[in-house]
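> Contents are CSV, C-alpha atoms; file name target.csv:
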chain,number,residue,atom,x,y,z
A,352,ALA,CA,-97.9,69.9,49.0
A,353,GLY,CA,-100.4,68.2,46.7
A,354,VAL,CA,-103.6,66.4,47.4
A,355,VAL,CA,-103.2,62.7,47.9
A,356,LYS,CA,-105.5,60.6,45.8
A,357,ARG,CA,-106.3,57.0,46.6
A,358,VAL,CA,-106.7,54.5,43.8
A,359,LYS,CA,-107.8,51.0,44.5
A,360,PHE,CA,-107.7,48.0,42.1
A,361,LEU,CA,-109.8,45.0,43.0
A,362,GLN,CA,-110.0,41.6,41.3
A,363,GLN,CA,-113.6,40.6,42.2
A,364,ASP,CA,-117.0,39.8,40.6
A,365,LEU,CA,-118.0,43.1,39.3
A,366,PHE,CA,-121.7,42.4,39.9
A,367,GLU,CA,-121.0,41.7,43.6
A,368,THR,CA,-118.4,44.3,44.4
A,369,ASP,CA,-119.4,47.3,46.5
A,370,ILE,CA,-118.8,50.3,44.3
A,371,ARG,CA,-120.7,52.9,46.3
A,372,GLU,CA,-117.6,54.8,47.3
A,373,ALA,CA,-116.2,55.1,43.8
A,374,SER,CA,-115.9,58.5,42.2
A,375,VAL,CA,-114.7,57.3,38.8
A,376,VAL,CA,-115.5,53.9,37.2
A,377,ALA,CA,-113.4,52.9,34.1
A,378,LEU,CA,-114.8,50.0,31.9
A,379,TYR,CA,-113.5,48.0,29.0
A,380,LEU,CA,-116.3,45.5,28.7
A,381,LEU,CA,-118.3,44.2,25.7
A,382,PRO,CA,-121.6,46.0,25.1
A,383,GLN,CA,-123.8,43.2,26.6
A,384,LEU,CA,-121.8,43.3,29.9
A,385,ASN,CA,-122.0,47.1,29.9
A,386,ARG,CA,-125.8,46.9,29.6
A,387,LYS,CA,-126.0,44.2,32.2
A,388,LEU,CA,-123.9,46.4,34.6
A,389,ARG,CA,-125.9,49.6,33.9
A,390,PRO,CA,-128.6,49.0,36.7
A,391,LYS,CA,-125.9,48.5,39.3
A,392,LEU,CA,-124.0,51.7,38.2
A,393,LEU,CA,-127.2,53.7,38.4
A,394,SER,CA,-128.4,52.3,41.7
A,395,ASP,CA,-125.1,52.1,43.6
A,396,LEU,CA,-123.1,55.1,42.5
A,397,ARG,CA,-123.7,58.6,43.9
A,398,PRO,CA,-124.9,61.3,41.5
A,399,GLY,CA,-121.9,63.0,40.0
A,400,THR,CA,-119.8,59.8,39.8
A,401,ARG,CA,-118.0,59.6,36.4
A,402,VAL,CA,-118.1,56.5,34.2
A,403,ALA,CA,-115.8,56.0,31.2
A,404,SER,CA,-116.0,53.1,28.8
A,405,HIS,CA,-113.4,52.3,26.2
A,406,ASP,CA,-114.8,51.5,22.8
A,407,PHE,CA,-118.2,50.2,24.0
A,408,ASP,CA,-121.4,52.1,24.9
A,409,MET,CA,-124.3,51.4,27.2
A,410,GLY,CA,-127.1,50.9,24.7
A,411,ASP,CA,-130.0,53.4,25.1
A,412,TRP,CA,-128.2,55.2,27.9
A,413,HIS,CA,-126.6,57.9,25.7
A,414,PRO,CA,-123.2,59.2,26.8
A,415,ASP,CA,-122.7,62.8,28.1
A,416,ARG,CA,-119.7,63.0,25.8
A,417,VAL,CA,-117.9,60.9,23.3
A,418,ILE,CA,-114.1,61.4,22.8
A,419,TYR,CA,-112.1,60.0,20.0
A,420,VAL,CA,-108.4,59.3,20.6
A,421,ARG,CA,-106.0,58.5,17.8
A,422,GLY,CA,-103.9,55.4,18.5
A,423,SER,CA,-101.1,53.9,16.5
A,424,GLU,CA,-103.3,51.2,15.0
A,425,TYR,CA,-106.8,52.7,15.1
A,426,GLU,CA,-108.9,55.4,16.6
A,427,HIS,CA,-110.2,54.6,20.1
A,428,THR,CA,-113.6,55.8,21.3
A,429,VAL,CA,-114.2,56.8,24.9
A,430,PHE,CA,-117.8,57.1,26.2
A,431,TYR,CA,-118.3,59.3,29.2
A,432,TRP,CA,-121.3,59.6,31.6
A,433,VAL,CA,-122.0,61.4,34.8
A,434,ILE,CA,-124.3,59.4,37.1
A,435,PRO,CA,-127.6,61.4,37.3
A,436,ALA,CA,-129.6,62.1,40.4
A,437,ASN,CA,-133.1,60.6,40.5
A,438,VAL,CA,-135.5,63.5,39.7
A,439,ASN,CA,-138.3,61.4,38.2
A,440,GLY,CA,-141.8,62.2,39.6
A,441,ALA,CA,-143.9,65.0,41.0
A,442,TRP,CA,-142.4,67.8,43.0
A,443,GLN,CA,-144.1,70.5,45.1
A,444,MET,CA,-142.2,73.6,44.2
A,445,SER,CA,-142.1,77.1,45.8
A,446,GLY,CA,-141.0,80.0,43.6
A,447,PRO,CA,-141.6,83.6,42.8
A,448,SER,CA,-144.7,85.2,41.4
A,449,PRO,CA,-145.9,88.8,40.9
A,450,THR,CA,-147.9,88.4,44.2
A,451,GLY,CA,-145.1,86.9,46.3
A,452,GLU,CA,-144.1,83.3,46.8
A,453,ARG,CA,-146.3,80.8,45.0
A,454,ARG,CA,-146.7,77.0,44.9
A,455,TYR,CA,-146.2,75.1,41.7
A,456,LEU,CA,-146.3,71.4,40.6
A,457,LEU,CA,-143.2,70.3,38.8
A,458,ARG,CA,-143.7,67.0,37.0
A,459,ILE,CA,-140.5,65.4,35.6
A,460,GLN,CA,-140.1,62.3,33.4
A,461,GLN,CA,-136.5,61.0,33.4
A,462,GLN,CA,-134.6,58.6,31.3
A,463,TYR,CA,-131.1,58.4,32.6
A,464,GLN,CA,-129.8,62.1,32.4
A,465,GLU,CA,-132.4,63.2,29.9
A,466,VAL,CA,-135.4,65.0,31.5
A,467,ARG,CA,-138.5,66.6,30.3
A,468,GLY,CA,-141.6,67.8,32.1
A,469,THR,CA,-144.1,70.5,33.0
A,470,VAL,CA,-144.6,73.2,35.6
A,471,SER,CA,-148.2,74.0,36.5
A,472,ALA,CA,-150.1,76.3,38.8
A,473,GLU,CA,-153.9,76.6,38.9
A,474,GLY,CA,-154.3,74.0,36.2
A,475,GLU,CA,-152.1,75.6,33.5
A,476,ALA,CA,-149.3,73.3,32.6
A,477,ILE,CA,-146.2,74.8,30.8
A,478,LEU,CA,-143.6,72.6,29.2
A,479,ILE,CA,-140.1,73.0,30.6
A,480,SER,CA,-137.3,73.5,28.0
A,481,ASN,CA,-133.5,73.4,27.8
A,482,ALA,CA,-133.5,70.8,30.6
A,483,THR,CA,-130.1,69.4,31.6
A,484,LEU,CA,-129.2,67.0,34.5
A,485,THR,CA,-125.6,66.6,35.3
A,486,GLY,CA,-125.1,64.6,38.4
A,487,ASP,CA,-127.2,66.4,41.1
A,488,HIS,CA,-127.3,69.7,39.1
A,489,LEU,CA,-130.6,70.4,37.3
A,490,ARG,CA,-131.3,73.3,35.0
A,491,PHE,CA,-134.4,74.1,33.0
A,492,THR,CA,-136.3,77.0,31.6
A,493,VAL,CA,-140.0,78.0,31.7
A,494,THR,CA,-141.3,80.6,29.3
A,495,THR,CA,-144.8,82.0,29.8
A,496,GLY,CA,-146.8,85.0,28.9
A,497,ILE,CA,-148.0,87.2,31.7
A,498,GLN,CA,-150.4,90.0,30.7
A,499,GLY,CA,-149.2,89.7,27.1
A,500,GLU,CA,-145.5,90.0,27.9
A,501,GLU,CA,-143.1,87.0,27.6
A,502,VAL,CA,-141.4,86.0,30.8
A,503,ARG,CA,-138.5,83.6,30.8
A,504,MET,CA,-137.5,81.8,34.1
A,505,SER,CA,-134.2,80.0,34.1
A,506,PHE,CA,-134.0,77.6,37.0
A,507,ASP,CA,-130.7,76.3,38.3
A,508,GLY,CA,-130.6,74.0,41.3
A,509,ARG,CA,-129.2,71.0,43.2
A,510,VAL,CA,-130.9,67.8,44.0
A,511,SER,CA,-130.5,66.1,47.4
A,512,GLY,CA,-132.7,63.0,47.7
A,513,ASP,CA,-136.3,64.2,47.8
A,514,ALA,CA,-135.4,67.9,47.9
A,515,MET,CA,-134.2,70.5,45.4
A,516,ARG,CA,-133.2,74.1,45.8
A,517,GLY,CA,-131.5,76.8,43.8
A,518,SER,CA,-132.0,80.1,42.1
A,519,VAL,CA,-134.2,81.3,39.2
A,520,GLU,CA,-133.3,84.1,36.9
A,521,VAL,CA,-136.5,85.9,35.7
A,522,GLN,CA,-136.2,87.9,32.5
A,523,GLY,CA,-139.2,90.1,31.4
A,524,GLY,CA,-142.3,91.1,33.2
A,525,THR,CA,-142.5,93.2,36.4
A,526,MET,CA,-140.5,90.8,38.5
A,527,ALA,CA,-137.2,90.5,36.6
A,528,GLY,CA,-134.3,89.5,38.8
A,529,ARG,CA,-132.9,86.5,40.7
A,530,PHE,CA,-134.9,84.6,43.3
A,531,ASP,CA,-134.6,81.4,45.4
A,532,TRP,CA,-136.7,78.4,44.7
A,533,SER,CA,-137.1,75.0,46.3
A,534,ALA,CA,-139.0,71.8,45.7
A,535,GLN,CA,-140.0,68.7,47.7
A,536,ARG,CA,-140.8,65.4,46.0
A,537,ASP,CA,-144.5,64.7,46.3
A,538,GLY,CA,-144.8,61.8,48.8
A,539,ARG,CA,-148.3,60.9,47.5
A,540,ASN,CA,-146.7,59.8,44.2
A,541,PRO,CA,-143.6,57.7,45.1
A,542,ALA,CA,-140.7,58.4,42.8
A,543,GLU,CA,-139.7,55.8,40.4
A,544,THR,CA,-136.1,54.9,40.0
A,545,ARG,CA,-134.1,56.2,37.1
A,546,GLN,CA,-134.9,54.1,34.0
A,547,GLN,CA,-132.4,51.3,33.7
In structure tokens, write the structure found in this file.


Amino acid sequence: AGVVKRVKFLQQDLFETDIREASVVALYLLPQLNRKLRPKLLSDLRPGTRVASHDFDMGDWHPDRVIYVRGSEYEHTVFYWVIPANVNGAWQMSGPSPTGERRYLLRIQQQYQEVRGTVSAEGEAILISNATLTGDHLRFTVTTGIQGEEVRMSFDGRVSGDAMRGSVEVQGGTMAGRFDWSAQRDGRNPAETRQQ
């Protein structure tokens, strides 16, 4: 027996319709309507919800993928996004260090699914690299030198509201291995919403 999927078609004002339960949103709207709808998609849909748009993009919200489909008359373009979790702001992070668990400050700047930021401890801020955010799944790398040896920490975690947790793979140095890490959004610095 297969899994029963429920599909619902509604003829309603798309700016007033409750879309919070959607897991996939398919659009065939002109670019100005896509851009006008963008804030609703980002605020109402759960992280991980998929959005596909036929032929028209969402302006400066770059798609996660672009697929070209050959048609009988012309080639169709399908733009694909995964709704990102809100990770913007300052996070108090607990993770490994040579002397045991240590507190870090993770600062993230977010524009849609694109993230950048720093990790700092005791005043030293290190840029994160290779950052990706897909739905509620955040990955990033921190590379530092400890006592002259390069240490690479690859963080992989899940976001749930104002909390994150996951594992970090440490390569190099005396503490190579896999460890748990967690982070809590800093309440002193209220998180801004994803840029819309």

> Would you mind listing what lies within 10 Å of A:Gln383 as a list in words, with all atoms listed in the file counted and same-chain residues fewer than 6 positions away left out?

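Here the qualifying residues turn out to be Arg389, Phe407, Asp408, Met409 and Gly410 of chain A.
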
> Can I get the selected residues back with C-alpha atoms, as a PDB file, in the coordinates of the input?


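Everything below was put into part-v2.pdb:
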ATOM      1  CA  ARG A 389    -125.900  49.600  33.900  1.00  0.00           C
ATOM      2  CA  PHE A 407    -118.200  50.200  24.000  1.00  0.00           C
ATOM      3  CA  ASP A 408    -121.400  52.100  24.900  1.00  0.00           C
ATOM      4  CA  MET A 409    -124.300  51.400  27.200  1.00  0.00           C
ATOM      5  CA  GLY A 410    -127.100  50.900  24.700  1.00  0.00           C
TER       6      GLY A 410
END

> As an MDAnalysis selection string, please: the residues near stretch 521-532 of chain A (cut-off 12 Å, all atoms listed in the file, same-chain neighbours under 2 positions excluded).

chainID A and resid 443:455 457 492:509 514:519 534:535

> Enter the distance from atom CA of A:Asn439 to atom CA of A:Val417, in Å, rounded to one decimal.

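Spanning atom CA of A:Asn439 to atom CA of A:Val417 is a straight-line distance of 25.3 Å.
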
> Quick one: distance from atom CA of A:Asp513 to atom CA of A:Tyr431 in Å, one decimal?

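For atom CA of A:Asp513 relative to atom CA of A:Tyr431, the distance reads 26.3 Å.
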
> Closest to A:Leu456 among A:Gly474, A:Gly486, A:Pro390, A:Gly399, using only C-alpha atoms?

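Nearest to A:Leu456: A:Gly474.
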
> Would you work out the distance separating atom CA of A:Thr428 from atom CA of A:Arg416, expressed in Å to one decimal?

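Atom CA of A:Thr428 sits 10.5 Å away from atom CA of A:Arg416.
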
> I need every residue sitting at most 12 Å from the point (-129.0, 54.2, 46.2) (coordinates as in the file, only C-alpha atoms considered), written as a list in words.

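The answer, in the requested form, is Asp369, Ile370, Arg371, Glu372, Pro390, Lys391, Leu392, Leu393, Ser394, Asp395, Leu396, Arg397, Pro398, Ile434, Pro435, Ala436, Asn437, Gly512, Thr544 and Arg545 of chain A.
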
> Using all atoms listed in the file, which of A:Tyr379, A:Gln461, A:Thr483, A:Ser374 sits nearest A:Asp415?

A:Thr483

> Looking at A:Ile418, A:Val470, A:Leu484, A:Val402, which one is nearest to A:Ala377, with distances taken over all atoms listed in the file?

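Nearest candidate to A:Ala377 out of A:Ile418, A:Val470, A:Leu484, A:Val402: A:Val402.
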
> Of the candidates A:Asn385, A:Thr485, A:Ser533, A:Gln462, which one gets nearest to A:Thr400 if we count all atoms listed in the file?

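Among the listed residues, the smallest separation from A:Thr400 belongs to A:Thr485.
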